[in-house]
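S.K.: Quick one, upload_36.txt (compact mmCIF, C-alpha atoms):
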# COMPACT_ATOMS: atom_id res chain seq x y z
CA LYS A 3 107.51 120.84 67.09
CA TRP A 4 106.46 122.88 70.11
CA HIS A 5 103.25 121.25 71.46
CA LEU A 6 103.85 122.72 74.92
CA GLY A 7 100.92 125.13 75.02
CA TYR A 8 99.75 128.04 72.90
CA SER A 9 96.52 129.21 74.54
CA THR A 10 97.99 132.66 75.13
CA TYR A 11 100.84 134.72 73.75
CA TYR A 12 102.82 134.04 76.93
CA HIS A 13 102.81 130.30 76.27
CA LEU A 14 104.78 130.64 73.04
CA PRO A 15 108.50 129.78 72.77
CA ASN A 16 109.79 133.36 72.67
CA GLN A 17 108.11 134.01 76.03
CA ARG A 18 109.58 130.79 77.41
CA GLY A 19 113.22 131.78 77.10
CA PHE A 20 114.02 131.24 73.42
CA ASP A 21 115.57 134.06 71.37
CA TYR A 22 114.43 132.53 68.10
CA GLN A 23 111.72 130.04 67.11
CA TYR A 24 110.71 128.47 63.83
CA GLY A 25 108.29 125.58 63.53
CA TYR A 26 104.79 124.44 64.29
CA LEU A 27 102.87 124.65 67.57
CA ASN A 28 100.46 121.72 67.34
CA ALA A 29 100.99 117.97 67.20
CA GLN A 30 100.51 116.46 63.73
CA GLU A 31 101.39 118.92 60.99
CA ASP A 32 101.25 117.60 57.44
CA TYR A 33 104.80 117.44 56.07
CA TRP A 34 103.79 118.73 52.64
CA THR A 35 100.98 121.26 53.26
CA LYS A 36 102.33 122.55 56.63
CA SER A 37 98.75 122.36 57.96
CA VAL A 38 96.89 120.58 60.74
CA SER A 39 93.27 119.49 61.03
CA ASP A 40 91.24 120.26 64.14
CA ASN A 41 87.55 119.31 64.40
CA GLY A 42 87.21 119.24 60.63
CA THR A 43 89.00 122.56 60.09
CA SER A 44 92.40 122.64 58.37
CA TYR A 45 94.80 125.54 58.88
CA VAL A 46 98.46 126.37 58.33
CA ASP A 47 100.56 125.80 61.45
CA LEU A 48 104.00 127.22 60.77
CA MET A 49 105.34 130.04 62.92
CA VAL A 50 108.44 132.19 63.19
CA ASN A 51 108.86 134.08 66.46
CA GLY A 52 105.12 134.05 67.16
CA ALA A 53 103.97 135.12 63.67
CA LEU A 54 102.62 133.00 60.83
CA VAL A 55 105.10 132.16 58.09
CA THR A 56 103.98 133.76 54.81
CA ASP A 57 106.92 132.97 52.51
CA PRO A 58 105.37 131.06 49.55
CA ASP A 59 108.58 129.05 49.02
CA GLU A 60 108.52 127.78 52.60
CA LEU A 61 104.79 127.01 52.40
CA SER A 62 105.11 125.21 49.07
CA SER A 63 103.41 121.81 49.04
CA SER A 64 106.35 120.44 47.06
CA LEU A 65 108.77 121.09 49.95
CA HIS A 66 108.82 118.41 52.66
CA SER A 67 108.94 120.14 56.06
CA GLY A 68 111.70 117.79 57.17
CA PHE A 69 113.99 119.61 54.72
CA LEU A 70 112.57 123.02 55.62
CA LEU A 71 113.11 122.66 59.37
CA GLN A 72 116.56 121.17 58.75
CA SER A 73 117.59 124.21 56.70
CA LYS A 74 116.45 126.52 59.51
CA ALA A 75 118.44 124.59 62.13
CA GLU A 76 121.55 124.75 59.96
CA GLU A 77 120.96 128.47 59.41
CA VAL A 78 120.86 129.08 63.18
CA ILE A 79 124.24 127.39 63.62
CA LYS A 80 125.85 129.31 60.75
CA ASN A 81 124.50 132.64 62.00
CA HIS A 82 125.68 131.94 65.53
CA ALA A 83 129.19 131.08 64.31
CA LYS A 84 129.29 134.30 62.31
CA GLU A 85 127.70 136.75 64.75
CA TYR A 86 128.19 135.26 68.23
CA ASN A 87 131.19 132.95 67.94
CA ASN A 88 132.48 133.94 71.38
CA GLN A 89 129.19 133.08 73.12
CA PRO A 90 127.63 129.70 74.00
CA MET A 91 124.65 128.37 72.03
CA PHE A 92 121.71 126.20 73.02
CA LEU A 93 119.77 124.75 70.08
CA TYR A 94 116.59 122.79 70.81
CA TYR A 95 115.84 121.00 67.54
CA ALA A 96 112.59 119.10 68.15
CA MET A 97 112.42 117.25 64.84
CA GLN A 98 109.03 116.71 63.27
CA LEU A 99 110.44 113.46 61.95
CA ILE A 100 109.45 110.64 62.64
CA HIS A 101 106.01 111.62 63.93
CA ILE A 102 102.79 110.84 62.08
CA PRO A 103 101.56 111.42 59.41
CA PHE A 104 103.76 108.94 57.56
CA GLU A 105 105.10 110.99 54.64
CA ALA A 106 108.48 110.96 52.92
CA PRO A 107 110.00 111.82 49.53
CA ASP A 108 110.27 109.01 46.99
CA ARG A 109 114.08 108.90 47.09
CA PHE A 110 113.89 107.65 50.69
CA ILE A 111 110.86 105.37 50.22
CA SER A 112 112.61 103.60 47.35
CA ARG A 113 115.38 102.58 49.74
CA CYS A 114 112.99 100.62 51.98
CA GLU A 115 111.15 97.35 51.32
CA TYR A 116 108.95 94.87 53.14
CA PRO A 117 108.27 91.15 52.69
CA ASP A 118 104.95 89.99 51.21
CA SER A 119 104.10 88.33 54.53
CA ILE A 120 103.51 91.75 56.11
CA VAL A 121 100.84 92.58 53.54
CA GLU A 122 99.22 89.19 54.07
CA THR A 123 99.17 89.59 57.86
CA TYR A 124 98.55 93.30 58.43
CA GLY A 125 97.24 94.63 55.13
CA GLU A 126 98.67 96.87 52.44
CA SER A 127 97.95 100.13 54.31
CA THR A 128 100.04 99.11 57.34
CA ALA A 129 102.81 97.83 55.08
CA ASN A 130 102.92 101.09 53.10
CA ASN A 131 102.92 103.23 56.25
CA THR A 132 105.70 101.16 57.75
CA GLN A 133 107.73 101.52 54.56
CA LYS A 134 107.32 105.30 54.81
CA TYR A 135 108.28 105.11 58.50
CA CYS A 136 111.51 103.38 57.46
CA ALA A 137 112.08 106.16 54.91
CA MET A 138 111.52 108.85 57.55
CA ASN A 139 114.17 107.21 59.73
CA LEU A 140 116.61 107.45 56.81
CA MET A 141 115.73 111.15 56.62
CA VAL A 142 116.63 111.51 60.31
CA ASP A 143 120.01 109.88 59.69
CA GLU A 144 120.71 112.29 56.85
CA ALA A 145 119.51 115.30 58.84
CA ILE A 146 121.66 114.53 61.89
CA THR A 147 124.68 113.95 59.66
CA ASN A 148 124.20 117.28 57.89
CA LEU A 149 123.66 119.12 61.17
CA THR A 150 126.92 117.64 62.43
CA CYS A 151 128.60 118.68 59.17
CA VAL A 152 127.57 122.29 59.75
CA LEU A 153 129.00 122.18 63.27
CA LYS A 154 132.21 120.79 61.80
CA ASP A 155 132.38 123.38 59.02
CA THR A 156 131.87 126.25 61.50
CA ASP A 157 134.56 124.88 63.88
CA MET A 158 131.94 124.33 66.58
CA LEU A 159 131.83 120.52 66.66
CA ASP A 160 134.82 120.09 68.97
CA ASN A 161 133.15 122.33 71.55
CA THR A 162 129.59 121.02 71.30
CA ILE A 163 127.67 118.41 73.24
CA ILE A 164 125.01 116.73 71.09
CA ILE A 165 122.10 114.94 72.78
CA ILE A 166 119.71 112.88 70.67
CA SER A 167 116.70 111.67 72.63
CA GLY A 168 113.39 110.02 71.79
CA ASP A 169 110.18 110.68 73.68
CA ASN A 170 108.03 107.52 73.68
CA GLY A 171 107.75 103.91 72.57
CA GLY A 172 106.77 102.51 69.20
CA VAL A 173 103.49 103.36 67.46
CA SER A 174 101.03 100.46 67.60
CA SER A 175 99.38 101.26 64.23
CA ILE A 176 102.53 100.10 62.42
CA GLN A 177 103.60 97.50 65.01
CA GLY A 178 106.16 100.02 66.27
CA ASP A 179 109.15 98.41 67.93
CA SER A 180 109.28 98.61 71.72
CA TYR A 181 110.29 94.96 71.88
CA PRO A 182 110.93 93.20 74.22
CA PHE A 183 109.10 95.61 76.52
CA ARG A 184 105.37 95.52 77.03
CA GLY A 185 103.27 98.34 75.63
CA HIS A 186 103.51 101.06 73.01
CA LYS A 187 103.02 104.81 72.62
CA HIS A 188 100.12 106.08 74.80
CA SER A 189 100.53 103.22 77.29
CA PHE A 190 102.21 103.45 80.69
CA PHE A 191 104.05 100.16 80.55
CA ARG A 192 107.76 100.22 79.85
CA GLY A 193 107.35 99.81 76.10
CA GLY A 194 105.35 103.03 76.05
CA VAL A 195 107.55 105.27 78.19
CA SER A 196 111.09 103.95 77.72
CA ASN A 197 113.36 105.19 74.98
CA THR A 198 116.97 105.53 73.99
CA ALA A 199 119.34 108.48 73.86
CA ILE A 200 122.78 109.22 72.44
CA ILE A 201 125.27 111.72 73.84
CA HIS A 202 128.26 112.89 71.80
CA GLY A 203 130.84 115.39 72.91
CA PRO A 204 134.51 116.42 72.94
CA THR A 205 137.01 114.61 75.15
CA ASN A 206 137.15 117.45 77.68
CA PHE A 207 133.54 116.51 78.51
CA ILE A 208 133.49 112.81 77.60
CA PRO A 209 136.85 111.01 78.03
CA GLU A 210 137.80 108.55 75.30
CA SER A 211 137.50 105.70 77.80
CA LYS A 212 133.76 106.40 77.94
CA HIS A 213 133.22 106.41 74.18
CA GLY A 214 130.86 103.64 73.09
CA THR A 215 129.70 102.86 76.63
CA THR A 216 126.07 102.41 77.68
CA TYR A 217 124.27 103.74 80.73
CA SER A 218 121.31 101.63 81.85
CA GLY A 219 120.23 103.62 84.88
CA GLN A 220 116.91 105.40 85.17
CA VAL A 221 116.83 108.83 83.52
CA HIS A 222 113.63 110.87 83.19
CA ILE A 223 112.99 113.46 80.48
CA THR A 224 112.92 116.21 83.13
CA ASP A 225 116.55 115.37 83.94
CA TRP A 226 117.83 116.85 80.68
CA PHE A 227 117.22 120.43 81.85
CA PRO A 228 119.33 120.30 85.04
CA THR A 229 121.92 118.07 83.35
CA ILE A 230 122.43 120.57 80.52
CA MET A 231 122.39 123.48 82.97
CA GLY A 232 125.04 121.77 85.06
CA LEU A 233 127.25 121.31 82.00
CA ALA A 234 126.73 124.88 80.81
CA THR A 235 127.66 126.35 84.19
CA ASN A 236 130.47 123.92 85.00
CA GLY A 237 128.43 122.52 87.87
CA SER A 238 127.62 125.82 89.55
CA TRP A 239 123.89 125.80 88.81
CA THR A 240 121.85 125.61 92.02
CA GLY A 241 119.16 123.19 90.81
CA SER A 242 116.25 125.61 91.09
CA TYR A 243 114.50 127.88 88.61
CA GLY A 244 113.02 131.18 89.71
CA GLY A 245 113.58 130.13 93.31
CA VAL A 246 111.46 126.99 92.83
CA ASP A 247 112.93 123.49 93.02
CA ILE A 248 112.41 121.42 89.88
CA ASP A 249 111.62 117.73 89.41
CA GLY A 250 114.66 116.86 87.32
CA VAL A 251 118.09 115.80 88.59
CA ASP A 252 121.54 116.53 87.16
CA MET A 253 122.48 113.08 85.87
CA TRP A 254 125.81 113.87 84.21
CA SER A 255 128.02 112.30 86.86
CA SER A 256 125.84 109.17 87.01
CA ILE A 257 125.85 108.76 83.23
CA LEU A 258 129.56 109.46 82.84
CA ASN A 259 130.67 107.18 85.69
CA ASN A 260 127.94 104.55 85.27
CA ASP A 261 126.75 105.20 88.83
CA THR A 262 123.37 104.43 90.34
CA SER A 263 120.66 106.78 89.12
CA LEU A 264 119.88 109.77 91.34
CA HIS A 265 116.31 109.94 90.04
CA HIS A 266 114.34 107.40 92.06
CA GLU A 267 110.68 108.44 91.88
CA ILE A 268 108.73 109.15 88.69
CA VAL A 269 105.06 110.13 88.67
CA PHE A 270 103.58 109.31 85.25
CA LEU A 271 99.90 109.85 86.03
CA LEU A 272 97.77 111.11 88.90
CA HIS A 273 94.05 111.06 88.16
CA ASP A 274 90.81 110.60 90.05
CA ASN A 275 90.53 106.95 89.07
CA SER A 276 93.95 105.95 87.78
CA SER A 277 97.57 106.46 88.76
CA VAL A 278 101.02 105.36 87.62
CA ILE A 279 104.04 105.82 89.89
CA GLN A 280 107.49 104.28 89.63
CA TYR A 281 110.21 104.02 92.27
CA ASP A 282 113.49 102.70 90.88
CA MET A 283 112.46 99.52 89.00
CA ASN A 284 109.15 99.07 90.82
CA LYS A 285 106.03 100.47 89.17
CA LEU A 286 102.50 100.78 90.51
CA LEU A 287 99.73 100.98 87.89
CA ILE A 288 96.13 101.50 88.98
CA ASN A 289 93.22 101.28 86.53
CA VAL A 290 95.19 101.64 83.29
CA LEU A 291 94.61 99.89 79.99
CA GLU A 292 96.17 96.42 79.78
CA VAL A 293 98.48 95.95 76.78
CA ASP A 294 100.71 93.18 75.46
CA VAL A 295 104.17 92.91 74.00
CA ILE A 296 104.03 93.90 70.33
CA GLU A 297 106.09 91.83 67.93
CA PRO A 298 107.96 94.28 65.69
CA LEU A 299 107.55 94.32 61.92
CA PHE A 300 110.71 93.89 59.94
CA ILE A 301 110.96 96.59 57.32
CA PHE A 302 114.37 96.70 55.74
CA THR A 303 116.31 99.39 54.03
CA ASN A 304 117.77 97.89 50.88
CA ASP A 305 120.30 100.68 50.47
CA LEU A 306 122.68 101.83 53.17
CA ASP A 307 125.25 103.08 50.67
CA PRO A 308 126.47 106.44 52.06
CA THR A 309 126.46 107.86 48.53
CA SER A 310 122.67 107.47 48.47
CA SER A 311 122.37 110.12 51.16
CA GLN A 312 122.77 113.78 50.32
CA THR A 313 125.24 114.73 53.04
CA SER A 314 127.53 117.74 52.96
CA CYS A 315 130.67 116.21 54.50
CA THR A 316 132.32 112.98 55.52
CA PHE A 317 133.74 111.73 58.81
CA GLU A 318 136.62 109.41 59.54
CA GLU A 319 135.56 106.08 61.02
Output the file's structure as structure tokens, nothing else.

M.R.:
Amino acid sequence: KWHLGYSTYYHLPNQRGFDYQYGYLNAQEDYWTKSVSDNGTSYVDLMVNGALVTDPDELSSSLHSGFLLQSKAEEVIKNHAKEYNNQPMFLYYAMQLIHIPFEAPDRFISRCEYPDSIVETYGESTANNTQKYCAMNLMVDEAITNLTCVLKDTDMLDNTIIIISGDNGGVSSIQGDSYPFRGHKHSFFRGGVSNTAIIHGPTNFIPESKHGTTYSGQVHITDWFPTIMGLATNGSWTGSYGGVDIDGVDMWSSILNNDTSLHHEIVFLLHDNSSVIQYDMNKLLINVLEVDVIEPLFIFTNDLDPTSSQTSCTFEE
């Protein structure tokens, strides 16, 4: 998923610093048809390096795009290991999963179930969508495992930092879980803007004493750029881009040492009639929609057997 502008050729990923791009540019591509709908018009939204994908196998409505995009990410890693194994690699894999529409193959849906009380309270449509949402999360687990397997098989895993990060709170249409925080996706309360992240890396970057630890300080999405740049340059990056200072802060030292966050002020919204600004743990909200805490729905996977997932390797516990 790109969704960072495509009004001109110069807004596309290859003109924004990427050597290779494969994926869709808009927001809500159908997983099966690879198309989006805009003002009643449906069109294919699948691009490779700025050109429409025309391969009939890749556009097949029987191929879930979660598998398609996964295969392309794995291909990038394999090609890099083969052709550029003495050079660093940055892979931005913005998964389509688990964004709407709620669509998943049957082998994942069959591993999820919901109690009858959910149908009675929220209706069958919400229950079915939430079951598919559970299935899509199982797809993410399988995809991340297989991506890690490829890094392992190409001898890149022990020299790779993996960052897994969400982008917003739960979706209200399926009682998405932001509990116990107030709000949901599209709201400016903590339940709408807070998320979790996981960082995995070799011991020369993350000492064993830090494995399994949690950082609770404030980190903004703009902090990933300078944090990754700092890691890639061994701390020599100046903190500016094109001579212009950026909003993000290199948070690696704070995260690693559990120090106080260096990112104090976050501007979420500045508008004529409404604004949202946060400084440390204090937030000012002016003229924004009031929302409540959403009680999460409990949709269970009935099958966590590793053999039910189609993974290409195993890892020691």

S.K.: What is the distance, in Å and to one decimal place, between CA of Gln30 (chain A) and CA of Ser167 (chain A)?

M.R.: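 Between CA of Gln30 (chain A) and CA of Ser167 (chain A) the gap is 19.1 Å.
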
S.K.: Point out the residue among A:Ser44, A:Lys80, A:Asp294, A:Lys3 with the least atom-to-atom distance to Pro182 (chain A), counting only C-alpha atoms.

M.R.: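 Among the listed residues, the smallest separation from Pro182 (chain A) belongs to A:Asp294.
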
S.K.: Using only C-alpha atoms, pick whichever of A:Gln133, A:Asn87, A:Asn206, A:Ser211 has the shortest atom-to-atom distance to Asp157 (chain A).

M.R.: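 Under the stated criterion, the closest residue is A:Asn87.
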
S.K.: For a quick check of understanding, using all atoms listed in the file, which of A:Ser67, A:Asn304, A:Thr309, A:Ser62 has the smallest distance to Cys136 (chain A)?

M.R.: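 Of A:Ser67, A:Asn304, A:Thr309, A:Ser62, the one nearest Cys136 (chain A) is A:Asn304, counting all atoms listed in the file.
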
S.K.: Excluding region 137-150 of chain A and residues on its chain fewer than 2 positions from it, collect all residues at most 9 Å away from it, counting all atoms listed in the file, and give them as a count of residues only.

M.R.: 38

S.K.: So, with all atoms listed in the file as the atoms that count, which of A:Glu31, A:Glu292, A:Asp252, A:Asp307 lies closest to Arg184 (chain A)?

M.R.: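 With all atoms listed in the file as the atom set, the closest residue is A:Glu292.
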
S.K.: Could you check which residues have any atom within 10 Å of (118.2, 128.3, 74.4), counting all atoms listed in the file with coordinates taken straight from the file, and then list them as an MDAnalysis selection string?

M.R.: chainID A and resid 15:16 18:23 90:94

S.K.: Counting only C-alpha atoms, which residues have an atom no more than 8 Å from (101.6, 126.6, 70.0) in the file's coordinates? Please list them as number ranges by chain.

M.R.: A: 4-9, 13-14, 26-28

S.K.: Which of these, A:Leu272, A:Glu297, A:Asp40, A:Asn51, has the shortest distance to Tyr11 (chain A) once you count all atoms listed in the file?

M.R.: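 The closest residue to Tyr11 (chain A) is A:Asn51.
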
S.K.: Give the answer as one residue: which of A:Tyr116, A:Phe207, A:Tyr24, A:Tyr45 has the shortest atom-to-atom distance to Val78 (chain A), using all atoms listed in the file?

M.R.: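 Looking at the shortest contact to Val78 (chain A), the residue is A:Tyr24.
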